[in-house]
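Novice: Please see the structure below; I have some questions.
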Amino acid sequence: MIDSKRMQAVQSPVIPHVAALIRDNPGTISLGQGVVHYPPPPQAIQAIAHFGGAIAEHHYQAARGLPELREGLRQKLAYENQIEVADDQILMVTAGSNMGFYHALLAVADPGDEIVVMSPFYFNHEMAVAMANCRAVIVATDDAYQLDLDAIEAAITVRTRAIVTISPNNPAGAVYRPADLAAVNRLCRERGLYHFADEAYEYFTYGAARHFSPGSLSENAEHTISLFSFSKAYGFASWRVGYLVAPRHLLGALEKIQDTVLICPPVISQRAALGALAAGAAYCKEHLAGMDAVRRLCLERLGVFGERVQVPAAEGAFYLLARLQTDLDAMDVVARLVRDHKVAVIPGNAFGLSADCYLRVAYGALRQEDVAEGMDRLVGGLEQIFSA
């Protein structure tokens, strides 16, 4: 049998590979996967406590999502993001924002088209671009992982269809400056491109950093696709609920894709999402002080290495991206850390960072005492690697 050449060209997801290393080394503390340590809000569980009693609950339902959920999301977007979903836009519920991204990509691009993504990129975005037979054009960010507007504009060609931003950022933890996001959005309008604004980590900002939604720039709504998720803020990773806001002229294409791939979002998950909306952003924000303390602990522990480990402050999401002064391959470093020191991180190769040794440290999934132990192991492991 012959495998698809298209899929052979797509990078293998790194999370399962690191997970296999963890399984083979019991007792490993994982600073790898990007999830939160707290459960969904009680209101989400209560909302599904009696689900399934009516036959209609087991039937296909609205392709774009339950009307009551979409109405709740409209209100949330208006109040929290200053995005007024107007008549010339649509709101669609998807099975996570990864699906929303792929839906949007298929709706706007043809094989051979180009999608501008920032380096470091979120690996599932780059994988989706390859799966769609498009080409990811990688644009470097600066030393603090902030946008380089001149480089973005220089990357645009006649085949460019969209520019992707993720803020707060996975994997770097950077929060892009509102003025820079607005400049990207304006550039998309001027060049007839789409701005894919991935906002899965919208609530996770620290210090003076603030989240900004490009979709709030109503004059550019025709060119903006905003992507959101319940997975992070509400501890909903396994429930698979996301949503997008897109120009109405993409409705036909998006409905075709949704019907083919999903038919309708899982109804029980949508009911749980309604409960999460009732809890609101306050549920996530009550955990932010603790997560910020963990962030600062991680930065302090890595700071002992000085220039040997360079880590920008990372004022958003729950990731640190560390650049190591070593000639070792990042995946080799990860394997040694797991085998010899029982701590796991994610290699930067997965995010398009292959020229140097980068490690992504995720601190959201564990409580402070567990992260502290994990950082002890990480620091000890890196000390041995540097002294070898």
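Naming works like this for the structure tokens: A, B, ... for the chains as they're shown, residue 1 at the start of each chain, ligands 1 onward in shown order.
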Can you check which parts of stretch 74-171 of chain A lie within 10 Å of stretch 338-361 of chain A? Per residue, the shortest pair of atoms and distance in Å to one decimal, counting only C-alpha atoms, sorted by chain and number, as CSV.

Specialist:
```
residue,atom,partner,partner_atom,distance
A:Met118,CA,A:Gly352,CA,9.4
A:Ser119,CA,A:Gly352,CA,6.6
A:Pro120,CA,A:Phe351,CA,5.2
A:Phe121,CA,A:Phe351,CA,5.0
A:Tyr122,CA,A:Phe351,CA,5.8
A:Phe123,CA,A:Phe351,CA,5.3
A:Asn124,CA,A:Phe351,CA,9.1
A:His125,CA,A:Phe351,CA,9.8
A:Glu126,CA,A:Phe351,CA,8.6
A:Ile138,CA,A:Gly352,CA,8.4
A:Asn170,CA,A:Phe351,CA,9.2
A:Pro171,CA,A:Arg360,CA,6.5
```

Novice: Would you output that residue set with C-alpha atoms, as a tab-separated table (two decimals), in the first residue's frame?

Specialist:
```tsv
chain	number	residue	atom	x	y	z
A	118	MET	CA	5.54	33.64	13.14
A	119	SER	CA	8.62	31.85	14.42
A	120	PRO	CA	8.33	30.21	16.82
A	121	PHE	CA	5.03	28.80	15.53
A	122	TYR	CA	2.40	26.60	17.14
A	123	PHE	CA	3.13	23.22	15.59
A	124	ASN	CA	-0.51	22.27	14.94
A	125	HIS	CA	-0.93	25.42	12.84
A	126	GLU	CA	2.08	24.56	10.70
A	138	ILE	CA	7.94	31.51	8.52
A	170	ASN	CA	2.22	29.45	22.43
A	171	PRO	CA	5.11	28.55	22.72
```

Novice: Which stretch 124-160 of chain A residues have any atom within 7 Å of an atom of stretch 100-111 of chain A, and for each, what is the nearest pair of atoms with distance in Å to one decimal, counting only C-alpha atoms, rows sorted by chain and number, as a Markdown table?

Specialist:
```
| residue | atom | partner | partner_atom | distance |
| --- | --- | --- | --- | --- |
| A:Ala128 | CA | A:Tyr102 | CA | 6.2 |
| A:Ala132 | CA | A:Pro111 | CA | 6.5 |
| A:Asn133 | CA | A:Pro111 | CA | 4.7 |
| A:Cys134 | CA | A:Pro111 | CA | 5.1 |
```

Novice: Using only C-alpha atoms, please write the residues we just selected to a file, as a compact mmCIF listing (two decimals), in the first residue's frame.

Specialist:
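Result file part-v2.txt:
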```txt
# COMPACT_ATOMS: atom_id res chain seq x y z
CA ALA A 128 -2.58 22.13 9.29
CA ALA A 132 -4.07 21.67 3.25
CA ASN A 133 -1.32 21.51 0.60
CA CYS A 134 -0.41 25.11 1.37
```

Novice: Sort by chain and increasing residue number a table of all residues of stretch 224-330 of chain A within 7 Å of stretch 83-91 of chain A, each with its closest pair of atoms and their distance in Å to one decimal, counting only C-alpha atoms, and write it as JSON lines.

Specialist:
```
{"residue": "A:Leu244", "atom": "CA", "partner": "A:Leu91", "partner_atom": "CA", "distance": 5.7}
{"residue": "A:Val245", "atom": "CA", "partner": "A:Leu91", "partner_atom": "CA", "distance": 4.6}
{"residue": "A:Ala246", "atom": "CA", "partner": "A:Ile90", "partner_atom": "CA", "distance": 5.5}
{"residue": "A:Pro247", "atom": "CA", "partner": "A:Gln89", "partner_atom": "CA", "distance": 4.4}
{"residue": "A:Arg248", "atom": "CA", "partner": "A:Gln89", "partner_atom": "CA", "distance": 4.3}
```

Novice: For A:Glu307, which residue out of A:Ala289, A:His211, A:Thr326, A:Leu251 is the nearest one, using only C-alpha atoms?

Specialist: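 Smallest distance to A:Glu307 is found for A:Thr326.
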
Novice: Identify, on the basis of only C-alpha atoms, every residue whose closest approach to A:Ala19 does not exceed 10 Å; exclude the query and any residue fewer than 3 positions from it along the same chain; express the result as a ChimeraX atom specification.

Specialist: /A:14-16,22-25,30,32-33,344

Novice: Can you pull out the residues contacting A:Gln310? Cut-off 7 Å, using only C-alpha atoms, and skip same-chain residues under 3 positions away; I want them as a PyMOL selection string.

Specialist: chain A and resi 307+322-324

Novice: Write out as a list in words which residues come within 9 Å of A:Gly275 when counting only C-alpha atoms, dropping same-chain ones fewer than 4 positions away.

Specialist: Pro41, Pro42, Gln43, Ala44, Ile45, Gln46, Ala47, Ile48, Gln270, Arg271, Ala279 and Gly280 of chain A

Novice: Would you mind telling me which residue in A:Ile55, A:Cys188, A:Val294, A:Ala200 lies nearest to A:Ala365 when using only C-alpha atoms?

Specialist: A:Val294

Novice: Residues of stretch 12-61 of chain A classed as alpha helix (DSSP H) by DSSP on the backbone are to be reported as a PDB file with C-alpha atoms, in the first residue's frame.

Specialist:
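Okay, this is what ended up in out.pdb:
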```pdb
ATOM      1  CA  VAL A  14       5.833  15.964  19.378  1.00  0.00           C
ATOM      2  CA  ILE A  15       3.539  15.725  22.422  1.00  0.00           C
ATOM      3  CA  PRO A  16       2.813  11.971  21.980  1.00  0.00           C
ATOM      4  CA  HIS A  17       6.537  11.304  21.478  1.00  0.00           C
ATOM      5  CA  VAL A  18       7.442  13.024  24.737  1.00  0.00           C
ATOM      6  CA  ALA A  19       4.477  11.310  26.418  1.00  0.00           C
ATOM      7  CA  ALA A  20       5.948   7.930  25.391  1.00  0.00           C
ATOM      8  CA  LEU A  21       9.255   8.905  27.018  1.00  0.00           C
ATOM      9  CA  ILE A  22       7.364   9.799  30.193  1.00  0.00           C
ATOM     10  CA  ARG A  23       5.533   6.454  30.215  1.00  0.00           C
ATOM     11  CA  PRO A  42     -18.900  23.335  38.926  1.00  0.00           C
ATOM     12  CA  GLN A  43     -21.487  25.084  36.747  1.00  0.00           C
ATOM     13  CA  ALA A  44     -20.187  23.144  33.715  1.00  0.00           C
ATOM     14  CA  ILE A  45     -20.701  19.792  35.420  1.00  0.00           C
ATOM     15  CA  GLN A  46     -24.092  20.829  36.774  1.00  0.00           C
ATOM     16  CA  ALA A  47     -25.192  21.840  33.276  1.00  0.00           C
TER      17      ALA A  47
END
```

Novice: Please return as a PyMOL selection string: the residues of stretch 93-289 of chain A that backbone DSSP assigns to strand (DSSP E).

Specialist: chain A and resi 93-94+114-119+135-140+160-166+194-198+224-229+242-247

Novice: Can you pull out every residue within 12 Å of stretch 281-284 of chain A, counting only C-alpha atoms, but drop anything in the same chain fewer than 3 positions away, and send it as an NGL selection string?

Specialist: :A and (36-44 or 76-77 or 79-81 or 201-205 or 230-236 or 275-278 or 287-291 or 364)

Novice: Could you check how far atom CA of A:Ile263 sits from atom CA of A:Ala49, in Å to one decimal?

Specialist: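 The value is 24.4 Å.
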
Novice: A:Val334, A:Ser216, A:Gly96, A:Met375: which is nearest A:Ala78, counting only C-alpha atoms?

Specialist: A:Ser216
